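Trainee: I am sharing upload.cif, which consists of mmCIF, C-alpha atoms and all ligand atoms:
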```cif
data_entry
loop_
_atom_site.group_PDB
_atom_site.id
_atom_site.type_symbol
_atom_site.label_atom_id
_atom_site.label_comp_id
_atom_site.auth_asym_id
_atom_site.auth_seq_id
_atom_site.Cartn_x
_atom_site.Cartn_y
_atom_site.Cartn_z
ATOM 1 C CA MET J 342 -67.947 17.424 106.271
ATOM 2 C CA SER J 343 -70.457 17.510 109.109
ATOM 3 C CA ARG J 344 -69.545 17.232 112.753
ATOM 4 C CA SER J 345 -70.977 13.783 113.220
ATOM 5 C CA SER J 346 -69.147 12.321 110.254
ATOM 6 C CA ILE J 347 -65.742 13.390 111.609
ATOM 7 C CA ALA J 348 -66.658 11.762 114.932
ATOM 8 C CA ASP J 349 -67.948 8.668 113.108
ATOM 9 C CA ASN J 350 -64.862 8.453 110.937
ATOM 10 C CA LEU J 351 -62.634 8.729 113.997
ATOM 11 C CA ALA J 352 -64.542 5.938 115.698
ATOM 12 C CA SER J 353 -64.124 3.666 112.694
ATOM 13 C CA VAL J 354 -60.399 4.448 112.352
ATOM 14 C CA ARG J 355 -59.915 3.697 116.063
ATOM 15 C CA ASP J 356 -61.773 0.457 115.519
ATOM 16 C CA ARG J 357 -59.513 -0.462 112.591
ATOM 17 C CA ILE J 358 -56.438 0.237 114.739
ATOM 18 C CA HIS J 359 -57.806 -1.857 117.568
ATOM 19 C CA ARG J 360 -58.587 -4.820 115.316
ATOM 20 C CA ALA J 361 -55.237 -4.608 113.554
ATOM 21 C CA ALA J 362 -53.422 -4.592 116.897
ATOM 22 C CA ILE J 363 -55.334 -7.615 118.157
ATOM 23 C CA ALA J 364 -54.737 -9.454 114.875
ATOM 24 C CA ALA J 365 -51.004 -8.786 115.293
ATOM 25 C CA SER J 366 -51.062 -9.870 118.979
ATOM 26 C CA ARG J 367 -50.128 -6.343 120.022
ATOM 27 C CA ASP J 368 -51.479 -4.191 122.819
ATOM 28 C CA PRO J 369 -53.684 -1.566 121.088
ATOM 29 C CA SER J 370 -52.457 1.095 123.524
ATOM 30 C CA GLU J 371 -48.972 0.842 121.953
ATOM 31 C CA ILE J 372 -50.344 2.483 118.819
ATOM 32 C CA ARG J 373 -51.188 6.166 118.754
ATOM 33 C CA LEU J 374 -53.333 7.810 116.119
ATOM 34 C CA ILE J 375 -52.266 11.102 114.559
ATOM 35 C CA ALA J 376 -55.150 12.853 112.774
ATOM 36 C CA VAL J 377 -53.569 14.509 109.737
ATOM 37 C CA SER J 378 -55.324 17.850 109.412
ATOM 38 C CA LYS J 379 -53.271 19.520 106.646
ATOM 39 C CA THR J 380 -55.372 21.877 104.496
ATOM 40 C CA LYS J 381 -58.376 21.327 106.796
ATOM 41 C CA PRO J 382 -59.817 24.293 108.713
ATOM 42 C CA PRO J 383 -59.400 24.758 112.487
ATOM 43 C CA LEU J 384 -63.096 24.004 112.904
ATOM 44 C CA ALA J 385 -62.558 20.452 111.639
ATOM 45 C CA ILE J 386 -59.741 20.057 114.174
ATOM 46 C CA ARG J 387 -62.039 21.264 116.961
ATOM 47 C CA GLU J 388 -64.610 18.691 115.950
ATOM 48 C CA ALA J 389 -62.071 15.900 116.095
ATOM 49 C CA TYR J 390 -60.814 17.249 119.430
ATOM 50 C CA GLU J 391 -64.335 17.206 120.814
ATOM 51 C CA ALA J 392 -64.541 13.568 119.738
ATOM 52 C CA GLY J 393 -61.504 12.866 121.940
ATOM 53 C CA GLN J 394 -58.657 13.174 119.424
ATOM 54 C CA ARG J 395 -55.525 14.859 120.804
ATOM 55 C CA LEU J 396 -52.680 14.194 118.332
ATOM 56 C CA PHE J 397 -52.773 16.127 115.062
ATOM 57 C CA GLY J 398 -50.384 16.108 112.109
ATOM 58 C CA GLU J 399 -49.529 19.067 109.889
ATOM 59 C CA ASN J 400 -47.296 19.238 106.802
ATOM 60 C CA TYR J 401 -46.618 22.922 106.298
ATOM 61 C CA ALA J 402 -44.625 24.917 108.844
ATOM 62 C CA GLN J 403 -46.559 28.170 108.610
ATOM 63 C CA GLU J 404 -49.929 26.428 108.506
ATOM 64 C CA LEU J 405 -48.962 24.566 111.678
ATOM 65 C CA ALA J 406 -47.897 27.795 113.405
ATOM 66 C CA GLN J 407 -51.135 29.530 112.420
ATOM 67 C CA LYS J 408 -53.409 26.702 113.522
ATOM 68 C CA ALA J 409 -51.521 26.260 116.802
ATOM 69 C CA ASP J 410 -52.116 29.973 117.506
ATOM 70 C CA GLU J 411 -55.765 29.772 116.591
ATOM 71 C CA LEU J 412 -56.335 26.698 118.751
ATOM 72 C CA VAL J 413 -54.307 27.652 121.859
ATOM 73 C CA ASP J 414 -57.393 27.101 123.989
ATOM 74 C CA LEU J 415 -57.122 23.345 123.267
ATOM 75 C CA HIS J 416 -54.388 23.158 125.888
ATOM 76 C CA ASP J 417 -53.591 19.437 125.704
ATOM 77 C CA ILE J 418 -53.494 19.180 121.911
ATOM 78 C CA GLU J 419 -50.273 17.616 120.560
ATOM 79 C CA TRP J 420 -48.959 18.854 117.199
ATOM 80 C CA HIS J 421 -46.888 16.493 115.077
ATOM 81 C CA PHE J 422 -44.973 18.015 112.205
ATOM 82 C CA ILE J 423 -44.933 15.427 109.391
ATOM 83 C CA GLY J 424 -44.121 17.435 106.241
ATOM 84 C CA HIS J 425 -40.848 18.099 104.505
ATOM 85 C CA LEU J 426 -38.976 20.683 106.575
ATOM 86 C CA GLN J 427 -36.686 23.252 105.018
ATOM 87 C CA THR J 428 -34.030 24.634 107.342
ATOM 88 C CA ASN J 429 -35.340 28.192 106.864
ATOM 89 C CA LYS J 430 -38.750 27.109 108.265
ATOM 90 C CA ALA J 431 -37.331 25.315 111.294
ATOM 91 C CA LYS J 432 -38.108 28.279 113.557
ATOM 92 C CA TYR J 433 -41.887 27.906 113.068
ATOM 93 C CA VAL J 434 -41.754 24.226 113.845
ATOM 94 C CA ALA J 435 -39.411 24.747 116.815
ATOM 95 C CA ARG J 436 -42.040 27.008 118.299
ATOM 96 C CA ALA J 437 -45.294 25.189 117.529
ATOM 97 C CA ALA J 438 -44.624 21.445 117.214
ATOM 98 C CA HIS J 439 -44.573 18.899 120.025
ATOM 99 C CA VAL J 440 -42.940 16.202 117.887
ATOM 100 C CA VAL J 441 -41.092 16.422 114.536
ATOM 101 C CA HIS J 442 -41.188 13.317 112.312
ATOM 102 C CA THR J 443 -39.188 14.517 109.336
ATOM 103 C CA VAL J 444 -35.595 15.307 110.249
ATOM 104 C CA ASP J 445 -33.658 14.075 107.223
ATOM 105 C CA SER J 446 -30.243 15.730 107.290
ATOM 106 C CA ALA J 447 -27.543 16.592 109.806
ATOM 107 C CA ALA J 448 -27.866 20.271 108.843
ATOM 108 C CA LEU J 449 -31.581 20.227 109.640
ATOM 109 C CA ALA J 450 -30.926 18.510 112.987
ATOM 110 C CA ARG J 451 -28.454 21.268 113.885
ATOM 111 C CA GLU J 452 -30.779 24.081 112.804
ATOM 112 C CA LEU J 453 -33.801 22.632 114.571
ATOM 113 C CA GLY J 454 -31.745 22.001 117.709
ATOM 114 C CA LYS J 455 -30.545 25.594 117.671
ATOM 115 C CA ARG J 456 -34.043 27.007 117.127
ATOM 116 C CA VAL J 457 -35.608 24.905 119.877
ATOM 117 C CA ALA J 458 -32.868 25.942 122.304
ATOM 118 C CA LYS J 459 -33.441 29.615 121.450
ATOM 119 C CA ASP J 460 -37.238 29.600 121.566
ATOM 120 C CA ASP J 461 -38.282 31.634 124.580
ATOM 121 C CA HIS J 462 -41.700 29.878 124.729
ATOM 122 C CA ARG J 463 -39.996 26.689 125.771
ATOM 123 C CA ARG J 464 -39.294 25.854 129.354
ATOM 124 C CA GLU J 465 -35.669 25.459 130.435
ATOM 125 C CA GLY J 466 -34.317 22.052 129.472
ATOM 126 C CA PHE J 467 -37.083 21.229 126.961
ATOM 127 C CA ARG J 468 -35.995 18.644 124.400
ATOM 128 C CA MET J 469 -38.024 18.278 121.212
ATOM 129 C CA PRO J 470 -38.830 14.643 120.415
ATOM 130 C CA VAL J 471 -37.775 13.923 116.822
ATOM 131 C CA LEU J 472 -37.930 11.074 114.339
ATOM 132 C CA VAL J 473 -35.693 10.683 111.327
ATOM 133 C CA GLU J 474 -37.447 10.242 107.985
ATOM 134 C CA VAL J 475 -35.997 7.471 105.849
ATOM 135 C CA ASN J 476 -36.497 7.107 102.111
ATOM 136 C CA VAL J 477 -36.214 3.355 102.393
ATOM 137 C CA GLY J 478 -36.359 2.584 98.696
ATOM 138 C CA ALA J 479 -34.149 5.604 97.854
ATOM 139 C CA GLU J 480 -36.903 6.781 95.470
ATOM 140 C CA PRO J 481 -35.705 9.980 93.769
ATOM 141 C CA GLN J 482 -38.978 11.912 94.129
ATOM 142 C CA LYS J 483 -39.210 11.321 97.887
ATOM 143 C CA HIS J 484 -37.798 13.160 100.867
ATOM 144 C CA GLY J 485 -35.966 11.444 103.669
ATOM 145 C CA THR J 486 -32.450 10.207 104.192
ATOM 146 C CA SER J 487 -31.088 7.209 102.346
ATOM 147 C CA PRO J 488 -30.487 4.131 104.508
ATOM 148 C CA ALA J 489 -26.738 4.607 103.948
ATOM 149 C CA GLU J 490 -26.726 8.058 105.565
ATOM 150 C CA LEU J 491 -29.093 7.208 108.392
ATOM 151 C CA GLY J 492 -26.380 6.476 110.963
ATOM 152 C CA ASP J 493 -24.786 9.906 110.565
ATOM 153 C CA ILE J 494 -28.105 11.698 110.925
ATOM 154 C CA LEU J 495 -29.036 9.732 114.042
ATOM 155 C CA ASP J 496 -25.683 10.731 115.523
ATOM 156 C CA ALA J 497 -26.297 14.374 114.564
ATOM 157 C CA VAL J 498 -29.642 14.299 116.414
ATOM 158 C CA ASP J 499 -27.993 12.700 119.445
ATOM 159 C CA LYS J 500 -25.498 15.562 119.558
ATOM 160 C CA GLU J 501 -28.190 18.242 119.858
ATOM 161 C CA PRO J 502 -28.975 18.939 123.523
ATOM 162 C CA ALA J 503 -32.400 20.399 122.611
ATOM 163 C CA LEU J 504 -33.464 17.344 120.579
ATOM 164 C CA GLN J 505 -34.476 13.933 121.793
ATOM 165 C CA LEU J 506 -34.148 11.028 119.348
ATOM 166 C CA ARG J 507 -37.364 8.969 119.365
ATOM 167 C CA GLY J 508 -37.570 6.886 116.208
ATOM 168 C CA LEU J 509 -37.949 6.511 112.469
ATOM 169 C CA MET J 510 -40.586 7.605 109.974
ATOM 170 C CA THR J 511 -41.276 6.633 106.384
ATOM 171 C CA MET J 512 -43.708 7.374 103.543
ATOM 172 C CA PRO J 513 -44.799 4.134 101.889
ATOM 173 C CA PRO J 514 -45.520 3.574 98.207
ATOM 174 C CA HIS J 515 -49.166 3.263 97.227
ATOM 175 C CA ASP J 516 -49.177 -0.456 96.490
ATOM 176 C CA LEU J 517 -49.885 -2.477 99.657
ATOM 177 C CA GLU J 518 -47.349 -5.237 99.052
ATOM 178 C CA ALA J 519 -44.666 -2.677 98.229
ATOM 179 C CA ALA J 520 -45.678 -0.758 101.369
ATOM 180 C CA ARG J 521 -45.227 -3.902 103.456
ATOM 181 C CA ARG J 522 -41.684 -4.342 102.140
ATOM 182 C CA VAL J 523 -40.887 -0.709 102.983
ATOM 183 C CA PHE J 524 -42.284 -1.057 106.524
ATOM 184 C CA GLU J 525 -40.278 -4.242 107.057
ATOM 185 C CA ALA J 526 -37.164 -2.503 105.781
ATOM 186 C CA LEU J 527 -37.713 0.326 108.282
ATOM 187 C CA VAL J 528 -37.931 -2.245 111.081
ATOM 188 C CA SER J 529 -34.623 -3.780 109.895
ATOM 189 C CA LEU J 530 -33.000 -0.347 109.869
ATOM 190 C CA ARG J 531 -34.110 0.169 113.450
ATOM 191 C CA ARG J 532 -32.533 -3.147 114.420
ATOM 192 C CA LEU J 533 -29.304 -2.052 112.728
ATOM 193 C CA HIS J 534 -29.194 1.311 114.533
ATOM 194 C CA GLY J 535 -29.830 0.509 118.161
ATOM 195 C CA GLY J 536 -33.229 -1.192 118.214
ATOM 196 C CA ARG J 537 -36.199 -0.205 120.322
ATOM 197 C CA ALA J 538 -34.062 1.090 123.168
ATOM 198 C CA ARG J 539 -32.730 3.896 120.977
ATOM 199 C CA LEU J 540 -35.632 4.187 118.525
ATOM 200 C CA PRO J 541 -38.886 3.276 120.289
ATOM 201 C CA GLU J 542 -41.218 4.943 117.766
ATOM 202 C CA LEU J 543 -42.027 3.868 114.214
ATOM 203 C CA SER J 544 -44.177 6.401 112.347
ATOM 204 C CA MET J 545 -45.659 4.557 109.397
ATOM 205 C CA GLY J 546 -49.131 3.745 108.127
ATOM 206 C CA MET J 547 -51.806 6.025 106.656
ATOM 207 C CA SER J 548 -55.491 5.764 105.678
ATOM 208 C CA ASP J 549 -55.024 2.937 103.172
ATOM 209 C CA ASP J 550 -52.294 0.863 104.782
ATOM 210 C CA LEU J 551 -52.557 1.273 108.546
ATOM 211 C CA GLU J 552 -53.367 -2.427 109.107
ATOM 212 C CA VAL J 553 -50.196 -3.475 107.284
ATOM 213 C CA ALA J 554 -48.136 -0.890 109.194
ATOM 214 C CA ILE J 555 -49.496 -2.085 112.540
ATOM 215 C CA ALA J 556 -48.756 -5.703 111.625
ATOM 216 C CA CYS J 557 -45.158 -4.606 110.950
ATOM 217 C CA GLY J 558 -44.786 -2.695 114.248
ATOM 218 C CA ALA J 559 -45.992 0.895 113.774
ATOM 219 C CA THR J 560 -46.395 2.896 116.987
ATOM 220 C CA LEU J 561 -47.652 6.085 115.318
ATOM 221 C CA VAL J 562 -50.112 5.990 112.415
ATOM 222 C CA ARG J 563 -50.814 9.151 110.424
ATOM 223 C CA VAL J 564 -54.371 9.186 109.107
ATOM 224 C CA GLY J 565 -55.869 12.045 107.100
ATOM 225 C CA SER J 566 -58.519 11.309 104.498
ATOM 226 C CA ALA J 567 -60.172 8.449 106.439
ATOM 227 C CA ILE J 568 -60.957 11.008 109.181
ATOM 228 C CA PHE J 569 -61.410 14.364 107.453
ATOM 229 C CA GLY J 570 -62.440 13.248 103.963
ATOM 230 C CA SER J 571 -60.534 13.700 100.744
ATOM 231 C CA ARG J 572 -58.361 16.766 100.220
HETATM 232 C C1 LIG J 601 -51.102 13.535 104.047
HETATM 233 C C2 LIG J 601 -50.205 12.672 104.821
HETATM 234 C C3 LIG J 601 -50.677 11.586 105.562
HETATM 235 C C4 LIG J 601 -52.130 11.150 105.580
HETATM 236 O O1 LIG J 601 -52.472 10.553 104.368
HETATM 237 P P1 LIG J 601 -53.934 9.932 104.150
HETATM 238 O O2 LIG J 601 -53.739 9.027 102.986
HETATM 239 O O3 LIG J 601 -54.836 11.080 103.876
HETATM 240 O O4 LIG J 601 -54.301 9.212 105.385
HETATM 241 C C5 LIG J 601 -49.763 10.859 106.316
HETATM 242 N N1 LIG J 601 -48.460 11.185 106.337
HETATM 243 C C6 LIG J 601 -47.965 12.214 105.643
HETATM 244 C C7 LIG J 601 -46.515 12.530 105.715
HETATM 245 C C8 LIG J 601 -48.818 12.973 104.853
HETATM 246 O O5 LIG J 601 -48.304 13.993 104.135
#
```
Kindly present the structure from the file in structure tokens form.
Ligand SMILES: *Cc1c(COP(=O)(O)O)cnc(C)c1O
Mentor:
Amino acid sequence: MSRSSIADNLASVRDRIHRAAIAASRDPSEIRLIAVSKTKPPLAIREAYEAGQRLFGENYAQELAQKADELVDLHDIEWHFIGHLQTNKAKYVARAAHVVHTVDSAALARELGKRVAKDDHRREGFRMPVLVEVNVGAEPQKHGTSPAELGDILDAVDKEPALQLRGLMTMPPHDLEAARRVFEALVSLRRLHGGRARLPELSMGMSDDLEVAIACGATLVRVGSAIFGSR
């Protein structure tokens, strides 16, 4: 994809976010765009960066670590880890990510907390912002904690001195009406577990459903194909 089309795509996604916020009577600045760059080359990330994008999402721990190394000169880039995280890969993410969206077990919270605390790249007292991924519909093929276990995992994150609990994340089903129900259920779960004060961020909404997610209260939208083209 050419340079100008990434910049054009970004402009139109930003426009969609802006309109969706206004339509929902929300302040557009409450919603941050994460450009999901998984499988895309560092050059594509540079192009988006040059067009003003700063938050990027990656799904694979080693790919994130590699790209973060290759793009160290982009000093104010912010890497969001949004893929399924296995405990044995937590060390890569502890080193390279700025935010982790996909903590989904107490064991992973402990491992990530330990790895962040040990990472000698991190300044003293650094606390990694994390979100807990919820499999709202308890769909068997999806990652994320079940709503029933959410409370325990939130408590496990709270117990880790090197982690900072920031919010909830979910992967919606494809169908828009089903996605809306999932987003609304995530909002209800937040209300049940401490509300905005404890869980200010809601990571939900992608290329096809970001308007619905914003109407429901998303603060972080994760957009890949609408920016970088199909994978
Ligand atoms: C790939 C991916 C996205 C982006 O999906 P698009 O439909 O390409 O916008 C968002 N979130 C997660 C967790 C993903 O894996």
Trainee: Could you list the protein, DNA and RNA residues that have any atom within 9 Å of ligand LIG 601 (chain J), counting all atoms listed in the file, and write them as number ranges by chain?
Mentor: J: 375-379, 398-400, 422-425, 442-443, 510-512, 544-551, 562-572
Trainee: Residue by residue, what does the PyMOL selection byres (((chain J and resi 498) around 9) and not hetatm) grab here? Present the result as a PyMOL selection string.
Mentor: chain J and resi 444+447+450-451+454+471+473+493-497+499-502+504-506
Trainee: Keeping only C-alpha atoms, take the residues you just selected and write them out as a compact mmCIF listing (two decimals), keeping the file's coordinate frame.
Mentor:
```txt
# COMPACT_ATOMS: atom_id res chain seq x y z
CA VAL J 444 -35.60 15.31 110.25
CA ALA J 447 -27.54 16.59 109.81
CA ALA J 450 -30.93 18.51 112.99
CA ARG J 451 -28.45 21.27 113.88
CA GLY J 454 -31.74 22.00 117.71
CA VAL J 471 -37.78 13.92 116.82
CA VAL J 473 -35.69 10.68 111.33
CA ASP J 493 -24.79 9.91 110.56
CA ILE J 494 -28.10 11.70 110.92
CA LEU J 495 -29.04 9.73 114.04
CA ASP J 496 -25.68 10.73 115.52
CA ALA J 497 -26.30 14.37 114.56
CA ASP J 499 -27.99 12.70 119.44
CA LYS J 500 -25.50 15.56 119.56
CA GLU J 501 -28.19 18.24 119.86
CA PRO J 502 -28.98 18.94 123.52
CA LEU J 504 -33.46 17.34 120.58
CA GLN J 505 -34.48 13.93 121.79
CA LEU J 506 -34.15 11.03 119.35
```
Trainee: So which residues get picked by the PyMOL selection byres (((chain J and resi 456-468) around 9) and not hetatm) here, written as a PyMOL selection string?
Mentor: chain J and resi 431-436+451-455+469-470+502-505
Trainee: Can you tell me which residues surround segment 344-360 of chain J at a distance of at most 8 Å, considering only C-alpha atoms, apart from same-chain residues fewer than 4 positions away, and format the answer as an mmCIF file with C-alpha atoms, keeping the file's coordinate frame?
Mentor:
```cif
data_model
loop_
_atom_site.group_PDB
_atom_site.id
_atom_site.type_symbol
_atom_site.label_atom_id
_atom_site.label_comp_id
_atom_site.auth_asym_id
_atom_site.auth_seq_id
_atom_site.Cartn_x
_atom_site.Cartn_y
_atom_site.Cartn_z
ATOM 1 C CA ALA J 364 -54.737 -9.454 114.875
ATOM 2 C CA PRO J 369 -53.684 -1.566 121.088
ATOM 3 C CA ILE J 372 -50.344 2.483 118.819
ATOM 4 C CA LEU J 374 -53.333 7.810 116.119
ATOM 5 C CA ALA J 385 -62.558 20.452 111.639
ATOM 6 C CA GLU J 388 -64.610 18.691 115.950
ATOM 7 C CA ALA J 389 -62.071 15.900 116.095
ATOM 8 C CA ALA J 392 -64.541 13.568 119.738
ATOM 9 C CA LEU J 551 -52.557 1.273 108.546
ATOM 10 C CA GLU J 552 -53.367 -2.427 109.107
ATOM 11 C CA ILE J 555 -49.496 -2.085 112.540
ATOM 12 C CA ALA J 567 -60.172 8.449 106.439
ATOM 13 C CA ILE J 568 -60.957 11.008 109.181
ATOM 14 C CA PHE J 569 -61.410 14.364 107.453
#
```
Trainee: Assuming the chain letters and numbering stay as they are in my file, what does the PyMOL selection byres (((chain J and resi 438) around 6) and not hetatm) actually select? List them as a PyMOL selection string.
Mentor: chain J and resi 420-421+434+437+439-440
Trainee: Enter the distance from atom CA of Leu426 of chain J to atom CA of Gly485 of chain J, in Å, rounded to one decimal.
Mentor: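 Going from atom CA of Leu426 of chain J over to atom CA of Gly485 of chain J, I get 10.1 Å.
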Trainee: Would you mind reading off the distance between atom CA of Pro541 of chain J and atom CA of Thr560 of chain J, one decimal, in Å?
Mentor: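 Taking atom CA of Pro541 of chain J as the start and atom CA of Thr560 of chain J as the end point, the length is 8.2 Å.
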Trainee: Go through J:Leu540, J:Gly492, J:Leu449, J:Val523 one by one, measure the shortest atom-to-atom distance of each to Glu480 of chain J using all atoms listed in the file, and give the residue with the smallest value.
Mentor: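 That would be J:Val523, the residue with the smallest distance to Glu480 of chain J.
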Trainee: Let me know the centre plus edge lengths, in Å and rounded to one decimal, of a box with edges along x, y and z that contains all listed atoms of segment 524-532 of chain J and is padded by 3 Å on every side, as JSON.
Mentor:
```
{"center_x": -37.4, "center_y": -2.0, "center_z": 110.1, "size_x": 15.8, "size_y": 10.6, "size_z": 14.6}
```
Trainee: For the atom pair atom CA of Leu561 of chain J and atom CA of Glu371 of chain J, what is the interatomic distance in Å to one decimal place?
Mentor: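 Separation between atom CA of Leu561 of chain J and atom CA of Glu371 of chain J: 8.6 Å.
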Trainee: Excluding same-chain residues fewer than 2 positions from segment 518-521 of chain J, what lies within 9 Å of it counting all atoms listed in the file, as a list in words?
Mentor: Met512, Pro513, Pro514, His515, Asp516, Val523, Phe524, Glu525, Ala526, Gly546, Asp550, Val553, Ala554 and Cys557 of chain J
Trainee: Pick the closest to Leu384 of chain J from J:Arg531, J:Arg367, J:Arg522, J:Lys408: which is it, counting all atoms listed in the file?
Mentor: J:Lys408
